[in-house]
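Q: What follows is a structure written as structure tokens; I'll ask about it next.
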Amino acid sequence: MSLTQDLEILEDSQEEDVIFPPGDLYSDEPPLETELHLRQIMLLIQCLELWWQNRQDFYACGNLTVYYSPRQRKSELFRGPDFFVVLGTERKPRRSWVVWQEDGKYPNVIVEILSRKTAKTDRGLKKQIYQDTFRTPDYFWFDPESLEFKGFHLLDGCYQELQPNSDGWLWSQQLELYLGVRESKLRFFTLESQLIPTPEELAQQERQQKEQAEQQRQQAEQQVAEMELLLARYRERFGELSE
């Protein structure tokens, strides 16, 4: 979508007078550039949904169209963030995010995954739209190849660049989590520096904990058996222990 399409009303669209029922606007995003982009988006979604598995007041998705035309028309004013989170809304599947059907809510957090084709737009035009129109409080971008990572927080209507902590992570006030690069992937971390796991990582941690617990149980049983054997030998040699 060009700058002209973003900033001007399209008067001659064939679809401009079509009325879409709630939930009937489908996403219209192009394919992702690379497998790296796909896996990174899936990683962010899976980790956040697992971390907030008991919450029902958010929506997290990626590569999904956000329709935001003030005239409520599909053909004008839309964007497709690579990853976004909306807070204070119902957690349910959607075909797209339609601002006028969602009580006027825009994303609270957006992450764009840079590519050669999109980097200039993500750093420029999209950043301007997310600041001035979406008023998205937290905006980040990440390049899965160069590992460039930056973040911004909306302050007095303008994005202020976030400063990294000692680990190079950036704090999201909206998520109350850090975002940071680990093993060439953008990940979430808690305030206590705990990595937010994927479902697979969590399952592996649980298996390891069970294995460790089983090993400790077996060691305890072995120690008890050894003590009983020593006690039996003592009795054979010296008789019963005195009270």
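To be explicit about the labels: the chains of the structure tokens are called A, B, and onward in the order shown, and within each one the residues are counted from 1, while ligands get numbers from 1 in the order they are shown.
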Could you give me, as a count of residues only, each residue of range 37-221 of chain A that DSSP assigns to helix (DSSP H, G or I) when run on this structure's backbone?

A: 56

Q: Excluding range 153-159 of chain A and any residue of its chain fewer than 2 positions from it, enumerate the residues within 8 Å of it, using only C-alpha atoms, and give them as a VMD selection string.

A: chain A and resid 131 to 132 135 to 139 151 161 to 162

Q: Print the selection's residues with C-alpha atoms to a file, as a short mmCIF file (atom, residue, chain, number, x, y, z; two decimals), in the first residue's frame.

A:
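File written: out_17.cif
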```cif
data_model
loop_
_atom_site.label_atom_id
_atom_site.label_comp_id
_atom_site.auth_asym_id
_atom_site.auth_seq_id
_atom_site.Cartn_x
_atom_site.Cartn_y
_atom_site.Cartn_z
CA GLN A 131 2.60 7.00 16.02
CA ASP A 132 0.10 9.47 14.57
CA ARG A 135 -1.28 5.79 18.65
CA THR A 136 0.29 2.42 19.44
CA PRO A 137 2.20 2.82 22.74
CA ASP A 138 4.98 0.28 22.03
CA TYR A 139 6.54 -0.21 18.59
CA GLY A 151 11.97 -0.13 20.08
CA GLU A 161 13.55 5.40 21.35
CA LEU A 162 13.89 2.87 24.16
#
```

Q: Select from range 85-227 of chain A everything DSSP, run on the backbone, classes as strand (DSSP E or B), then give the selection as a VMD selection string.

A: chain A and resid 85 to 87 97 to 98 109 to 113 138 to 142 149 to 155 158 to 161 170 to 172 177 to 182 185 to 189 195

Q: Residues as selected, N, CA and C atoms, written as a tab-separated table (two decimals), in the first residue's frame, can you do that?

A:
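Ended up saving to selection_14.tsv:
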```tsv
chain	number	residue	atom	x	y	z
A	85	VAL	N	-0.43	-6.90	19.33
A	85	VAL	CA	-1.21	-7.29	20.50
A	85	VAL	C	-2.18	-6.17	20.83
A	86	VAL	N	-3.43	-6.55	21.03
A	86	VAL	CA	-4.44	-5.60	21.49
A	86	VAL	C	-4.87	-6.03	22.89
A	87	LEU	N	-4.86	-5.10	23.82
A	87	LEU	CA	-5.25	-5.38	25.20
A	87	LEU	C	-6.68	-4.90	25.46
A	97	TRP	N	-8.47	-7.56	11.79
A	97	TRP	CA	-8.77	-6.64	12.90
A	97	TRP	C	-9.41	-5.40	12.30
A	98	VAL	N	-10.68	-5.21	12.58
A	98	VAL	CA	-11.46	-4.11	12.02
A	98	VAL	C	-11.72	-3.10	13.14
A	109	VAL	N	0.67	-2.97	21.05
A	109	VAL	CA	2.06	-3.32	20.76
A	109	VAL	C	2.15	-3.81	19.33
A	110	ILE	N	3.16	-3.35	18.61
A	110	ILE	CA	3.41	-3.82	17.25
A	110	ILE	C	4.89	-4.16	17.12
A	111	VAL	N	5.17	-5.29	16.45
A	111	VAL	CA	6.53	-5.66	16.09
A	111	VAL	C	6.56	-5.90	14.59
A	112	GLU	N	7.44	-5.19	13.89
A	112	GLU	CA	7.64	-5.43	12.46
A	112	GLU	C	8.94	-6.22	12.28
A	113	ILE	N	8.89	-7.25	11.44
A	113	ILE	CA	10.05	-8.05	11.11
A	113	ILE	C	10.62	-7.51	9.79
A	138	ASP	N	3.69	0.95	22.15
A	138	ASP	CA	4.98	0.28	22.03
A	138	ASP	C	5.17	-0.23	20.60
A	139	TYR	N	6.24	0.23	19.95
A	139	TYR	CA	6.54	-0.21	18.59
A	139	TYR	C	7.99	-0.69	18.52
A	140	PHE	N	8.17	-1.89	17.96
A	140	PHE	CA	9.50	-2.49	17.83
A	140	PHE	C	9.70	-2.95	16.39
A	141	TRP	N	10.97	-3.00	15.99
A	141	TRP	CA	11.29	-3.71	14.75
A	141	TRP	C	12.52	-4.58	14.96
A	142	PHE	N	12.57	-5.67	14.19
A	142	PHE	CA	13.65	-6.65	14.33
A	142	PHE	C	13.98	-7.23	12.97
A	149	PHE	N	17.72	-4.45	16.11
A	149	PHE	CA	16.57	-4.47	17.01
A	149	PHE	C	16.42	-3.10	17.66
A	150	LYS	N	15.27	-2.48	17.47
A	150	LYS	CA	14.99	-1.18	18.08
A	150	LYS	C	13.55	-1.15	18.58
A	151	GLY	N	13.31	-0.27	19.53
A	151	GLY	CA	11.97	-0.13	20.08
A	151	GLY	C	11.68	1.31	20.45
A	152	PHE	N	10.39	1.63	20.48
A	152	PHE	CA	9.95	2.99	20.75
A	152	PHE	C	8.72	2.97	21.65
A	153	HIS	N	8.63	3.99	22.50
A	153	HIS	CA	7.45	4.15	23.36
A	153	HIS	C	6.84	5.52	23.10
A	154	LEU	N	5.52	5.54	22.99
A	154	LEU	CA	4.81	6.79	22.70
A	154	LEU	C	4.76	7.66	23.95
A	155	LEU	N	5.34	8.85	23.83
A	155	LEU	CA	5.39	9.78	24.95
A	155	LEU	C	5.02	11.16	24.44
A	158	CYS	N	4.66	11.41	20.65
A	158	CYS	CA	5.80	11.12	19.77
A	158	CYS	C	6.54	9.89	20.27
A	159	TYR	N	7.08	9.12	19.33
A	159	TYR	CA	7.86	7.95	19.71
A	159	TYR	C	9.23	8.37	20.24
A	160	GLN	N	9.57	7.84	21.41
A	160	GLN	CA	10.88	8.03	21.99
A	160	GLN	C	11.60	6.68	21.96
A	161	GLU	N	12.83	6.67	21.45
A	161	GLU	CA	13.55	5.40	21.35
A	161	GLU	C	13.87	4.84	22.72
A	170	LEU	N	14.81	-4.65	25.52
A	170	LEU	CA	13.99	-3.45	25.59
A	170	LEU	C	12.69	-3.76	26.33
A	171	TRP	N	12.27	-2.85	27.19
A	171	TRP	CA	11.09	-3.06	28.04
A	171	TRP	C	9.83	-2.60	27.33
A	172	SER	N	8.81	-3.46	27.34
A	172	SER	CA	7.49	-3.09	26.85
A	172	SER	C	6.59	-2.80	28.04
A	177	LEU	N	6.87	-6.94	29.86
A	177	LEU	CA	7.88	-7.94	29.52
A	177	LEU	C	9.01	-7.25	28.75
A	178	TYR	N	10.19	-7.85	28.83
A	178	TYR	CA	11.28	-7.44	27.97
A	178	TYR	C	11.19	-8.16	26.64
A	179	LEU	N	11.66	-7.51	25.58
A	179	LEU	CA	11.93	-8.17	24.31
A	179	LEU	C	13.42	-8.11	24.09
A	180	GLY	N	14.00	-9.22	23.68
A	180	GLY	CA	15.43	-9.26	23.46
A	180	GLY	C	15.82	-10.39	22.53
A	181	VAL	N	17.01	-10.31	21.98
A	181	VAL	CA	17.49	-11.30	21.02
A	181	VAL	C	18.26	-12.39	21.75
A	182	ARG	N	17.87	-13.63	21.50
A	182	ARG	CA	18.60	-14.79	22.02
A	182	ARG	C	18.65	-15.84	20.93
A	185	LYS	N	16.96	-15.05	17.66
A	185	LYS	CA	15.50	-14.93	17.65
A	185	LYS	C	15.07	-13.85	18.64
A	186	LEU	N	13.99	-13.17	18.31
A	186	LEU	CA	13.42	-12.19	19.23
A	186	LEU	C	12.53	-12.92	20.21
A	187	ARG	N	12.83	-12.76	21.51
A	187	ARG	CA	12.12	-13.50	22.55
A	187	ARG	C	11.59	-12.55	23.62
A	188	PHE	N	10.69	-13.09	24.44
A	188	PHE	CA	10.16	-12.36	25.60
A	188	PHE	C	10.89	-12.82	26.86
A	189	PHE	N	11.09	-11.86	27.78
A	189	PHE	CA	11.70	-12.15	29.08
A	189	PHE	C	10.93	-11.41	30.17
A	195	LEU	N	13.33	-16.37	30.72
A	195	LEU	CA	12.91	-16.53	29.33
A	195	LEU	C	11.49	-17.09	29.28
```

Q: Mind running range 79-115 of chain A against range 123-126 of chain A at 9 Å and telling me each contacting residue's nearest atom pair with the distance in Å (one decimal), counting only C-alpha atoms, chain and number ascending, as JSON lines?

A:
```
{"residue": "A:Arg79", "atom": "CA", "partner": "A:Lys126", "partner_atom": "CA", "distance": 8.4}
{"residue": "A:Pro81", "atom": "CA", "partner": "A:Lys126", "partner_atom": "CA", "distance": 9.0}
{"residue": "A:Leu114", "atom": "CA", "partner": "A:Arg123", "partner_atom": "CA", "distance": 8.8}
```

Q: May I ask which of the residues A:Ser69, A:Arg94, A:Gln40, A:Gly62 is the closest one to Tyr26 in chain A, counting only C-alpha atoms?

A: A:Arg94
